[in-house]
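J.: Got a structure for you, written out below as structure tokens; questions coming shortly.
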Amino acid sequence: MIRRSSLFIAGAAIVGLSACRSPSGCPSGWCGTVVVAAAQLDVLNPLVSQSDVGIEINDLVFSKLADLGMGLNTIGDSGFVPQVAERWTFVNPTTIRFTLNPKARWHDGVPVTARDVAFTFALYRDTLVNSPTRPLLDRIQSVTAVDSNTVVFRFTHAYPEEFYDAVYQMHILPAHILDTVPRARVISHPFGQHPVGSGPYRFVRWVNGQYVELAADSTYFLGRPPIRRVIFRVAADMGAALNQLLAGDADVIYLYGTPEMVQQISQTKGLRITPYAPNAYSYIGFNLRDPAHPDRPNPLFADRALRRAISMAVDARGAVSAVLGNLGEVTPGPLTSWQWIWSDSLKGIPFDSAAARRALDELGWHMGPDGVRVKGGRRLEFDLLVPTTSTVRRRTAVVVQDQLKRAGIAMHITELDLNTFLDRLTAGRFDAAFASFAQDPTPSSLKQDWTVGGLFNYQHYDNSAFDRLVTKAMNEPSRER
């Protein structure tokens, strides 16, 4: 998850599929092995996982109290699908009582109890653990285990997404394994490499840099999964993942791909392409703090007028078309169509190269002899971090680099492996970053990433009017309003 400033690009996602690996098909609805060609992952601890692959694996290994239904409703409890919680009751406007499924078990055989739920909430809320989800749980006042199968959530005040926050934001974690671990060490604990969950798949092994293997839990309390084994095979980048699929070494790929990649898949016998609207967008974000002195404003990007001028020099639509053809679209801000606050009426900063040049001139950035603008002896140049795992972002960065060069702006590209890229973002050691955020359908996603204090607000975006609007949207029971 990630988001901010000038350029927002949402790529169309493609899935390539072949038959699951069972010599006799799927007898009795019980398939063999499915291999997913995947990018790098960080850790298998739901408290802090940030990579797409890590989050996807966590969703298979761990359970929540309940999950979103296909309608993606986040207001009230309509459409939610029970998981660990068998049923629930709204006791009053600020209290929900959950009754757990008595058949729920951890993969080591221990029953899942209300104590696990209360313990999980305490972990997510602990400042020593510092989970990125912590701010989203601010309005839950307490979680209390009444008995082994009953847990009560109390909220600071009534609001439309109480149920969503209670069930969706937390994967339930095993108290009997983690309750003796000092809170400051929970994130670095070996549990993140050898997780024990209560979901439909058991963790089998993780061979670093190669693959993660999961096996179906035949005793899963909601019914045996239809696929025996799922393997996430790690690839260096999207091109390498695609090669695995084309060579028959993988069955599935989640592809934010180029037209050439899609053409390769469509011409390969036995593969099927399924387009879908992604819940993620990519963007180039400016760091508003000085990377060398985080307590100080960024010498360049603290200037809003300069950020706007640079943004106007970027032809986002042209960049998307050059790299993705008709597979991508430009979104006007940190939103995808999954968000219920999405509207076609939203407009982003327009591309206007002439206006960008005039603005830069007026700000005192004049063209130097080498084609790079200069002000007070400082060149208008900055470094852009790009993860090697994303073919689309790497190619798009080159297009944007050329566009900025024409306006007298020097953008240097630094490609990093995913984990180093995330480390640099978290530490604030960057000028600008080409990042990507997966997004929940609620405005609370914006709170995580773009409001003051949001743990994914790596760019230090600070806009009090925006913060107020996000809070208002989170408390609004009417989607139309």
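Chain lettering (A, B, ...) mirrors the order of the structure tokens, residue numbering begins at 1 for each chain separately, and ligand numbering begins at 1 in order of display.
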Got a sec: who's within 9 Å of segment 48-54 of chain A, counting only C-alpha atoms, leaving out chain neighbours fewer than 3 positions off, as an MDAnalysis selection string?
T.: chainID A and resid 1 38:45 57:59 129:133 187 232 418:419 422 438
J.: So that I can see what lies close to segment 288-291 of chain A, please list as a list of chain:residue names the residues with an atom at most 7 Å from it, counting only C-alpha atoms and leaving out residues fewer than 4 positions away in the same chain.
T.: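 So the residues in contact are A:Arg296, A:Pro297, A:Asn298, A:Pro299, A:Phe301, A:Ala302, A:Gly428, A:Arg429, A:Phe430, A:Asp431, A:Gln459, A:His460, A:Tyr461.
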J.: Could you save those same residues with N, CA and C atoms as a CSV table (one decimal), in the first residue's frame?
T.:
chain,number,residue,atom,x,y,z
A,296,ARG,N,13.4,18.9,8.5
A,296,ARG,CA,13.4,20.2,7.7
A,296,ARG,C,12.5,20.0,6.5
A,297,PRO,N,12.0,21.0,5.9
A,297,PRO,CA,11.3,20.9,4.6
A,297,PRO,C,12.2,20.6,3.5
A,298,ASN,N,11.7,19.9,2.5
A,298,ASN,CA,12.5,19.6,1.3
A,298,ASN,C,12.8,20.8,0.6
A,299,PRO,N,14.1,21.1,0.2
A,299,PRO,CA,14.5,22.3,-0.5
A,299,PRO,C,13.8,22.6,-1.8
A,301,PHE,N,10.7,20.3,-2.9
A,301,PHE,CA,9.3,19.9,-3.0
A,301,PHE,C,8.4,20.5,-1.9
A,302,ALA,N,9.0,21.2,-1.0
A,302,ALA,CA,8.2,21.9,0.0
A,302,ALA,C,7.4,23.0,-0.6
A,428,GLY,N,12.3,7.4,4.6
A,428,GLY,CA,12.3,8.8,4.1
A,428,GLY,C,13.5,9.2,3.3
A,429,ARG,N,14.3,8.2,2.9
A,429,ARG,CA,15.5,8.5,2.2
A,429,ARG,C,15.3,8.5,0.7
A,430,PHE,N,14.6,9.4,0.2
A,430,PHE,CA,14.3,9.5,-1.2
A,430,PHE,C,13.9,11.0,-1.6
A,431,ASP,N,14.1,11.4,-2.8
A,431,ASP,CA,13.6,12.6,-3.3
A,431,ASP,C,12.2,12.4,-3.8
A,459,GLN,N,5.5,10.4,2.0
A,459,GLN,CA,5.8,11.7,1.4
A,459,GLN,C,5.6,12.8,2.3
A,460,HIS,N,5.0,12.6,3.5
A,460,HIS,CA,4.7,13.6,4.5
A,460,HIS,C,3.8,14.7,4.0
A,461,TYR,N,2.8,14.2,3.2
A,461,TYR,CA,1.8,15.1,2.7
A,461,TYR,C,1.0,15.7,3.8
J.: As a VMD selection string, please: all residues of segment 174-419 of chain A that backbone DSSP puts in strand (DSSP E).
T.: chain A and resid 201 to 207 211 to 216 227 to 234 252 to 256 272 to 276 280 to 286 289 to 290 293 to 297 328 to 330 366 to 367 373 to 375 378 to 379 381 to 387 410 to 416
J.: Given only C-alpha atoms as the basis, pick out the residue of A:Val398, A:Leu346, A:Val36, A:Ala114 nearest to Ala145 of chain A.
T.: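 Comparing A:Val398, A:Leu346, A:Val36, A:Ala114 against Ala145 of chain A, the winner is A:Ala114.
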J.: Which residues, written as a PDB file with C-alpha atoms, in the first residue's frame, have at least one atom at most 8 Å from Leu242 of chain A, with only C-alpha atoms counted and residues fewer than 6 positions away on the same chain left out?
T.:
ATOM      1  CA  ALA A  37       4.285 -16.639 -10.618  1.00  0.00           C
ATOM      2  CA  ILE A 253       0.119 -14.617 -13.078  1.00  0.00           C
ATOM      3  CA  MET A 261       3.059  -9.179 -22.680  1.00  0.00           C
TER       4      MET A 261
END
J.: For Ile341 of chain A, list every protein, DNA or RNA residue within 9 Å, evaluated using only C-alpha atoms, and leave out those in the same chain fewer than 6 positions away; present the list as a PDB file with all heavy atoms, in the first residue's frame.
T.:
ATOM      1  N   LEU A 335      -7.071   7.496  -6.025  1.00  0.00           N
ATOM      2  CA  LEU A 335      -8.322   6.745  -5.978  1.00  0.00           C
ATOM      3  C   LEU A 335      -8.361   5.716  -7.090  1.00  0.00           C
ATOM      4  O   LEU A 335      -7.752   5.904  -8.140  1.00  0.00           O
ATOM      5  CB  LEU A 335      -9.519   7.675  -6.174  1.00  0.00           C
ATOM      6  CG  LEU A 335      -9.808   8.738  -5.116  1.00  0.00           C
ATOM      7  CD1 LEU A 335     -10.840   9.704  -5.655  1.00  0.00           C
ATOM      8  CD2 LEU A 335     -10.306   8.089  -3.848  1.00  0.00           C
ATOM      9  N   PRO A 441     -12.089  -0.380  -0.370  1.00  0.00           N
ATOM     10  CA  PRO A 441     -13.150   0.438  -0.979  1.00  0.00           C
ATOM     11  C   PRO A 441     -13.620   1.608  -0.119  1.00  0.00           C
ATOM     12  O   PRO A 441     -14.547   2.312  -0.508  1.00  0.00           O
ATOM     13  CB  PRO A 441     -14.283  -0.569  -1.190  1.00  0.00           C
ATOM     14  CG  PRO A 441     -14.039  -1.635  -0.185  1.00  0.00           C
ATOM     15  CD  PRO A 441     -12.551  -1.733  -0.029  1.00  0.00           C
ATOM     16  N   THR A 442     -13.015   1.826   1.034  1.00  0.00           N
ATOM     17  CA  THR A 442     -13.454   2.857   1.961  1.00  0.00           C
ATOM     18  C   THR A 442     -12.493   4.037   2.004  1.00  0.00           C
ATOM     19  O   THR A 442     -11.293   3.868   1.765  1.00  0.00           O
ATOM     20  CB  THR A 442     -13.581   2.271   3.383  1.00  0.00           C
ATOM     21  OG1 THR A 442     -13.596   3.322   4.349  1.00  0.00           O
ATOM     22  CG2 THR A 442     -12.385   1.399   3.702  1.00  0.00           C
ATOM     23  N   PRO A 443     -12.967   5.229   2.338  1.00  0.00           N
ATOM     24  CA  PRO A 443     -12.077   6.396   2.474  1.00  0.00           C
ATOM     25  C   PRO A 443     -11.010   6.230   3.553  1.00  0.00           C
ATOM     26  O   PRO A 443     -10.047   6.991   3.573  1.00  0.00           O
ATOM     27  CB  PRO A 443     -13.038   7.533   2.843  1.00  0.00           C
ATOM     28  CG  PRO A 443     -14.367   7.093   2.348  1.00  0.00           C
ATOM     29  CD  PRO A 443     -14.385   5.602   2.481  1.00  0.00           C
ATOM     30  N   ALA A 473     -15.897  11.983   5.241  1.00  0.00           N
ATOM     31  CA  ALA A 473     -16.352  10.873   4.393  1.00  0.00           C
ATOM     32  C   ALA A 473     -16.452   9.575   5.184  1.00  0.00           C
ATOM     33  O   ALA A 473     -17.372   8.778   4.975  1.00  0.00           O
ATOM     34  CB  ALA A 473     -15.390  10.700   3.213  1.00  0.00           C
ATOM     35  N   ARG A 479     -23.731   7.245   0.903  1.00  0.00           N
ATOM     36  CA  ARG A 479     -22.715   7.243  -0.143  1.00  0.00           C
ATOM     37  C   ARG A 479     -22.938   8.414  -1.110  1.00  0.00           C
ATOM     38  O   ARG A 479     -21.984   8.993  -1.632  1.00  0.00           O
ATOM     39  CB  ARG A 479     -22.750   5.929  -0.922  1.00  0.00           C
ATOM     40  CG  ARG A 479     -22.258   4.746  -0.130  1.00  0.00           C
ATOM     41  CD  ARG A 479     -22.028   3.551  -1.025  1.00  0.00           C
ATOM     42  NE  ARG A 479     -21.461   2.435  -0.283  1.00  0.00           N
ATOM     43  CZ  ARG A 479     -20.926   1.373  -0.853  1.00  0.00           C
ATOM     44  NH1 ARG A 479     -20.879   1.289  -2.163  1.00  0.00           N
ATOM     45  NH2 ARG A 479     -20.426   0.392  -0.124  1.00  0.00           N
ATOM     46  N   GLU A 480     -24.192   8.752  -1.379  1.00  0.00           N
ATOM     47  CA  GLU A 480     -24.477   9.831  -2.313  1.00  0.00           C
ATOM     48  C   GLU A 480     -23.890  11.154  -1.803  1.00  0.00           C
ATOM     49  O   GLU A 480     -23.343  11.936  -2.564  1.00  0.00           O
ATOM     50  CB  GLU A 480     -25.996   9.983  -2.526  1.00  0.00           C
ATOM     51  CG  GLU A 480     -26.630   8.810  -3.308  1.00  0.00           C
ATOM     52  CD  GLU A 480     -26.700   7.531  -2.486  1.00  0.00           C
ATOM     53  OE1 GLU A 480     -26.628   7.605  -1.245  1.00  0.00           O
ATOM     54  OE2 GLU A 480     -26.802   6.444  -3.072  1.00  0.00           O
TER      55      GLU A 480
END
J.: Which one of A:Gln169, A:Asn463, A:Ser188, A:Thr331 sits closest to Pro135 of chain A if you count only C-alpha atoms?
T.: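 With only C-alpha atoms as the atom set, the closest residue is A:Gln169.
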J.: For segment 318-324 of chain A, work out the shell of residues within 6 Å, counting only C-alpha atoms and skipping chain neighbours fewer than 3 positions away, then give it as JSON, numbers by chain.
T.: {"A": [258, 315, 327, 328, 399]}
J.: Considering only C-alpha atoms, return as a ChimeraX atom specification whatever protein or nucleic-acid residues lie within 12 Å of Asp370 of chain A, sequence-local ones (same chain, fewer than 6 positions apart) excluded.
T.: /A:379-380,405-406,408-410
J.: Write out as a PyMOL selection string the residues lying within 7 Å of Gly199 of chain A, counting only C-alpha atoms and excluding same-chain residues fewer than 4 positions away.
T.: chain A and resi 60-63
J.: Per residue of segment 209-298 of chain A within 10 Å of segment 86-106 of chain A, note the shortest atom pair and the distance in Å to one decimal, counting only C-alpha atoms, and order the rows by chain and increasing residue number, as CSV.
T.:
residue,atom,partner,partner_atom,distance
A:Thr219,CA,A:Arg105,CA,8.7
A:Tyr220,CA,A:Ala104,CA,7.5
A:Phe221,CA,A:Ala104,CA,5.3
A:Leu222,CA,A:Ala104,CA,8.2
J.: Selected residues, all heavy atoms, written as a PDB file, in the first residue's frame, please.
T.:
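again_2.pdb written:
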ATOM      1  N   THR A 219      -9.086 -30.100   7.138  1.00  0.00           N
ATOM      2  CA  THR A 219     -10.006 -30.010   8.276  1.00  0.00           C
ATOM      3  C   THR A 219     -10.512 -28.583   8.482  1.00  0.00           C
ATOM      4  O   THR A 219     -11.080 -28.273   9.535  1.00  0.00           O
ATOM      5  CB  THR A 219      -9.321 -30.493   9.561  1.00  0.00           C
ATOM      6  OG1 THR A 219      -8.198 -29.632   9.861  1.00  0.00           O
ATOM      7  CG2 THR A 219      -8.821 -31.919   9.412  1.00  0.00           C
ATOM      8  N   TYR A 220     -10.291 -27.711   7.516  1.00  0.00           N
ATOM      9  CA  TYR A 220     -10.695 -26.304   7.641  1.00  0.00           C
ATOM     10  C   TYR A 220     -12.164 -26.212   8.031  1.00  0.00           C
ATOM     11  O   TYR A 220     -13.018 -26.881   7.441  1.00  0.00           O
ATOM     12  CB  TYR A 220     -10.442 -25.588   6.327  1.00  0.00           C
ATOM     13  CG  TYR A 220     -10.814 -24.125   6.310  1.00  0.00           C
ATOM     14  CD1 TYR A 220     -10.374 -23.253   7.304  1.00  0.00           C
ATOM     15  CD2 TYR A 220     -11.631 -23.620   5.293  1.00  0.00           C
ATOM     16  CE1 TYR A 220     -10.715 -21.908   7.271  1.00  0.00           C
ATOM     17  CE2 TYR A 220     -11.969 -22.275   5.252  1.00  0.00           C
ATOM     18  CZ  TYR A 220     -11.515 -21.429   6.244  1.00  0.00           C
ATOM     19  OH  TYR A 220     -11.851 -20.088   6.227  1.00  0.00           O
ATOM     20  N   PHE A 221     -12.467 -25.401   9.023  1.00  0.00           N
ATOM     21  CA  PHE A 221     -13.790 -25.401   9.639  1.00  0.00           C
ATOM     22  C   PHE A 221     -14.898 -24.903   8.709  1.00  0.00           C
ATOM     23  O   PHE A 221     -16.078 -25.160   8.961  1.00  0.00           O
ATOM     24  CB  PHE A 221     -13.783 -24.576  10.934  1.00  0.00           C
ATOM     25  CG  PHE A 221     -13.445 -23.118  10.762  1.00  0.00           C
ATOM     26  CD1 PHE A 221     -14.430 -22.154  10.661  1.00  0.00           C
ATOM     27  CD2 PHE A 221     -12.113 -22.705  10.719  1.00  0.00           C
ATOM     28  CE1 PHE A 221     -14.112 -20.813  10.519  1.00  0.00           C
ATOM     29  CE2 PHE A 221     -11.789 -21.369  10.583  1.00  0.00           C
ATOM     30  CZ  PHE A 221     -12.785 -20.411  10.471  1.00  0.00           C
ATOM     31  N   LEU A 222     -14.548 -24.211   7.620  1.00  0.00           N
ATOM     32  CA  LEU A 222     -15.563 -23.766   6.668  1.00  0.00           C
ATOM     33  C   LEU A 222     -15.615 -24.640   5.422  1.00  0.00           C
ATOM     34  O   LEU A 222     -16.279 -24.299   4.440  1.00  0.00           O
ATOM     35  CB  LEU A 222     -15.315 -22.307   6.277  1.00  0.00           C
ATOM     36  CG  LEU A 222     -15.502 -21.280   7.402  1.00  0.00           C
ATOM     37  CD1 LEU A 222     -15.199 -19.877   6.893  1.00  0.00           C
ATOM     38  CD2 LEU A 222     -16.909 -21.335   7.980  1.00  0.00           C
TER      39      LEU A 222
END
J.: What does the distance between atom CA of Leu246 of chain A and atom CA of Ile231 of chain A come to in Å, to one decimal place?
T.: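 Straight-line distance from atom CA of Leu246 of chain A to atom CA of Ile231 of chain A works out to 16.7 Å.
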J.: If I take atom CA of Ala118 of chain A and atom CA of His171 of chain A, how far is one from the other in Å, to one decimal?
T.: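 Distance reported for this atom pair: 11.8 Å.
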J.: Expressed in Å to a single decimal, how great is the separation between atom CA of Asp352 of chain A and atom CA of Val330 of chain A?
T.: 15.5 Å
J.: Name the closest residue to Ser282 of chain A among the candidates A:Ala356, A:Ala433, A:Leu446, A:Ala215; distances are taken between atoms, counting only C-alpha atoms.
T.: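 Of all the options, A:Ala433 lies closest to Ser282 of chain A.
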J.: Which one of A:Val110, A:Val34, A:Leu455, A:Val81 sits closest to Val230 of chain A if you count only C-alpha atoms?
T.: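 Checking each candidate against Val230 of chain A, we get A:Val34 as the closest.
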J.: Select, from A:Phe437, A:Trp365, A:Phe382, A:Phe80, the residue with the minimum atom-to-atom distance to Tyr458 of chain A, counting only C-alpha atoms.
T.: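 Going through A:Phe437, A:Trp365, A:Phe382, A:Phe80 one by one, the smallest distance to Tyr458 of chain A is for A:Phe437.
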